[in-house]
Structure formats: C-alpha cells, structure tokens
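Below is one structure; the comments refer to it alone.
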Protein chains: 2
Amino acid sequence: MLYDTPRAPNPRRVRIFLAEKGIELPTTSVDIMAGQQFGEEYLAKMGSHNVPALELSDGTILTETVAVCRYLEALYPEPNLLGRDPLEAARIEMWSRRVEFQLMLPIAAVSRHGIPAMKVLEGEQCPEWAEFNRDRVVSGLAWLERSLAEREWLAGDRFSLADITAICTVGFMRLIRVSVPTEHAATLAWMERCEGRGTMVG
Amino acid sequence: MLYDTPRAPNPRRVRIFLAEKGIELPTTSVDIMAGQQFGEEYLAKMGSHNVPALELSDGTILTETVAVCRYLEALYPEPNLLGRDPLEAARIEMWSRRVEFQLMLPIAAVSRHGIPAMKVLEGEQCPEWAEFNRDRVVSGLAWLERSLAEREWLAGDRFSLADITAICTVGFMRLIRVSVPTEHAATLAWMERCEGRGTMVG
C-alpha cells in the first residue's frame with residue numbers, strides 16, 4: 001500500500017518511478033494540506049510525518065522517497081532506474097542529490113516559508129528564508145541548464161531517478177510561479193524528452 | 001584520491017565509513033574555510049563545490065557523501081554498512097535521510113547562517129533562518145532520543161551508515177555549542193557504543 005498525495009514533488013517521484021516500471025500499487029491518499037500526516041494515527045503508524053510511505057504486506061513501513069524507490073527497484077528491476085553497476089549507481093545518486101540540494105530545497109523554502117497556506121506543512125514559517133531562496137532558485141535553474149547542456153539525460157546516456165527528481169522539482173516551481181526561462185534550451189529540450197516517455201504522471 | 005576536509009560532518013562520514021572497512025585512501029585536504037572549493041580549479045574538476053569528492057584512477061569524479069559511500073561499499077563490501085538485502089538497504093537509507101533532514105539540516109542552518117565566519121560557505125547568510133532552526137535542533141535531538149530508545153542501532157540490530165550519519169551530526173553540534181542533554185540516556189549510551197568501535201575518527 002502506497003500512501004500518496006497529489007501535487008507534492010516527492011510522492012510524484014514515486015508515481016513516475018512506478019509508471020516507468022509499469023507497476024500499479026494500491027494507494028491511500030493523504031490530505032497533507034489538512035495536516036493528516038501530523039495526526040497521531042499517521043505518525044504512530046509511519047514513524048514519520050512524511051508522505052510518501054510504503055506499507056509492505058507484513059506491515060513494515062518505509063518512508064523517504066529514495067529509500068522507497070530503492071526497495072521498489074529491487075522488487076521490480078526493469079527498466080533499471082538506479083544504475084546497472086556501482087559507478088552508474090553512484091552517479092545517479094550523485095545527480096539526484098545535487099538536484100535536491102541545488103534546486104528542490106530552494107523551491108521548497110520559497111513555497112513552504114513564503115506561501116501562507118503552506119504554513120500547515122512547517123508549523124511556523126520563516127518568510128526571510130523564503131525571500132533569501134528566490135535567488136537560489138534562479139541560480140539552481142542556471143546550474144540545471146549547464147548540466148543538461150552536456151548530455152541527453154542528467155546522469156548520463158539514459159533516463160534515471162536523477163531525471164525523475166529533476167522533472168518533479170521543475171514541475172514543483174508552478175507553486176511559486178517560476179518557470180524555466182525560454183532561453184534555457186537544453187532544459188526545455190530535456191523536458192520534452194521526458195514528457196515524450198508518456199510516464200510523467202501528474 | 002579522496003578530497004577531504006577536517007571538521008565538516010560530511011567528509012567525516014566518509015572517513016568513518018573507510019575506517020570501519022579498514023581502508024586507507026590517498027587524500028588531498030581542501031581548505032573550505034578559505035573557500036578553496038569555490039575556486040575555478042576545484043569547480044572545473046569536481047563539477048560541484050562540495051567536499052568530499054572521490055577521484056577514481058581514470059579521472060572520474062564522484063561527489064555527494066552517500067554516493068561516494070555507495071561506490072566504496074561496492075568496492076569493499078565488508079563489513080557491510082548499506083544493507084545486506086533490499087529491505088535492510090531501504091531501512092538504512094531511510095534512517096540516514098531522516099537524520100539528515102531532522103537534525104543535520106537544522107544544525108547546518110544554525111551554523112552556516114548564524115556564525116559570521118561561516119559566511120564563506122554560503123556567500124550570503126540569513127540570520128533569521130539560523131534563529132528559526134534553534135528549536136528544530138532541540139526537537140531533532142528529542143526525535144533522535146525517541147528513535148534510539150527503541151533499539152541498539154539507528155536502523156536496526158547492527159551498526160550502519162545511518163549511525164555514521166547520526167554520530168557525525170551530533171559531533172557537528174560542537175560548532176553551535178549544543179550538546180546532547182544529560183537526560184537523553186539512549187542517545188548517550190548509543191554514542192558510547194559508537195565510540196567503543198574505535199572507528200569514530202575525527
């Protein structure tokens with residue numbers, strides 16, 4: 001059973017990961033904007049207020065997007081999304097983490113600390129941190145453009161978790177009303193390649 | 001060749017990882033407080049301003065601590081630190097990430113945005129963000145205590161990368177003059193168990 005929620009970028013990473021592998025899992029939707037993940041019942045069961053969470057048939061719970069993906073990759077190895085050998089696996093992890101830190105965290109800061117309705121996700125907000133991160137989103141996008149100018153897919157010559165992380169991160173910018181600049185040709189072409197796969201579920 | 005730097009928590013994660021496996025790698029020290037990682041030479045070579053970085057004999061570069069550790073684990077599989085089966089691997093990754101988000105990021109915020117000398121690491125500082133995170137360090141420590149009260153090691157019944165992440169995170173608190181509260185008996189006992197391994201290199 002997958003505990004999922006629409007719109008947020010991390011649960012979407014898992015949904016695209018599953019779509020790439022052609023798997024459907026039974027799903028429970030968590031209303032994060034109503035704070036359901038902070039309820040005692042959710043916390044007691046998951047050991048974390050994070051969504052997504054994966055419940056195995058014996059009741060074991062896994063949270064943290066990449067941990068969930070890594071487990072699913074072992075169960076459903078094809079198509080491979082986490083690397084076929086140690087070097088490729090390290091490279092995919094490296095690029096996925098770079099996207100998280102260079103772009104996903106700044107966007108999360110701008111939205112979670114700058115949009116009043118997102119207060120439920122943070123408890124308290126730090127508006128100065130939201131403002132501070134606006135420039136980092138811009139420089140993160142420039143970094144992504146430079147990275148994608150060098151090759152077809154983020155971590156090398158084939159689609160991987162790193163691309164999933166990046167496409168969900170870029171999609172997440174809608175919330176803060178930022179889009180990829182029209183002059184970022186490499187990023188826009190890469191986004192089209194991703195969309196062309198037919199697996200970039202919402 | 002490992003590009004390393006003293007005191008910072010992430011390079012220390014790799015040093016402890018190597019000590020656990022009994023490996024020594026040739027090392028180059030990077031002076032991060034002088035901003036060497038922002039120099040053109042470092043950036044051009046590593047593709048990132050992060051330390052640690054691992055340079056393979058063919059010149060391939062890996063950055064991002066956990067990506068580096070994952071590659072080293074494939075090369076030197078014993079003792080296993082990243083999981084022996086898919087479920088254990090997912091659990092170790094989950095706990096290591098939880099520590100990063102619940103405790104390492106708040107400590108990093110307090111230090112990197114609150115200590116004037118750390119400005120070199122961020123370019124600009126957001127002092128409000130440093131203040132905002134002081135409470136999160138306290139709640140992160142309480143979360144760690146609850147987690148360690150349930151078992152001997154963070155991710156289960158044996159020492160793993162999750163413990164390495166946590167011990168480096170707790171050690172990193174020296175910088176912001178916070179220590180584990182004396183009433184956190186489970187955390188203090190776990191720290192002693194870690195130290196007893198003889199591999200918690202500085």
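Lettering and numbering for the structure tokens are positional, with chains as A, B, ... in the shown order, residues counted from 1 in each chain, and ligands counted from 1 in the shown order.
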Report the residues of range 38-131 of chain B whose backbone DSSP state falls under helix (DSSP H, G or I), written as number ranges by chain.
-> B: 38, 40-46, 65-75, 86-114, 116-122, 127-131
Please, which residues of chain A lie no more than 8 Å from chain B when the count uses only C-alpha atoms, and can they be set out as an MDAnalysis selection string?
-> chainID A and resid 62:64 66:68 70:71 74 86:87 89:91 93:94 97:98 126 128:129 132
So which residues touch Arg136 in chain B within 8 Å, counting only C-alpha atoms, skipping near sequence neighbours fewer than 5 positions away, as a PyMOL selection string?
-> chain B and resi 102-103+106
Suppose we keep C-alpha atoms; can you now write the selection as a compact mmCIF listing (two decimals), in the first residue's frame?
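Contents of part07.txt, as written:
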```
# COMPACT_ATOMS: atom_id res chain seq x y z
CA GLN B 102 15.55 16.15 11.11
CA LEU B 103 18.88 17.12 12.61
CA PRO B 106 18.82 22.37 11.21
```
Residue contacts of Phe172 in chain B (9 Å, only C-alpha atoms) excluding same-chain residues fewer than 3 positions away, as JSON, numbers by chain | {"B": [7, 8, 9, 104, 107, 108, 167, 168, 169, 175, 176]}
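Residue nearest Leu161 in chain A within the list A:Leu121, A:Leu56, A:Ile23, A:Cys194: A:Cys194 [criterion: smallest interatomic distance, only C-alpha atoms].
Interatomic distance, CA of Pro6 in chain A against CA of Ser29 in chain A: 7.9 Å.
Remark: for Ala34 in chain A, the closest of the candidate residues A:Arg84, A:Val99, A:Met118, A:Leu105 is A:Met118 (distances computed over only C-alpha atoms).
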Please give the complete set of residues from range 22-169 of chain A that DSSP, run on the backbone, assigns to strand (DSSP E or B), formatted as a count of residues only.
-> 11
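When only C-alpha atoms are used to measure the gap to Ala155 in chain A, the shortest distance among A:Glu183, A:Leu81, A:Ala19, A:Asp135 belongs to A:Leu81.
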Closest pair table for range 59-177 of chain A residues within 6 Å of range 184-189 of chain A, only C-alpha atoms, as a tab-separated table:
```
residue	atom	partner	partner_atom	distance
A:Glu145	CA	A:Thr187	CA	5.4
A:Leu148	CA	A:Ala186	CA	5.7
A:Ala149	CA	A:Ala186	CA	5.2
```
Spatial neighbours of Val30 in chain B, max dist 10 Å, only C-alpha atoms, sep filter under 4 positions, as a list in words = Tyr3, Asp4, Thr5, Pro6, Ala34, Gly35, Gln36, Gln37, Tyr42, Val51 and Pro52 of chain B
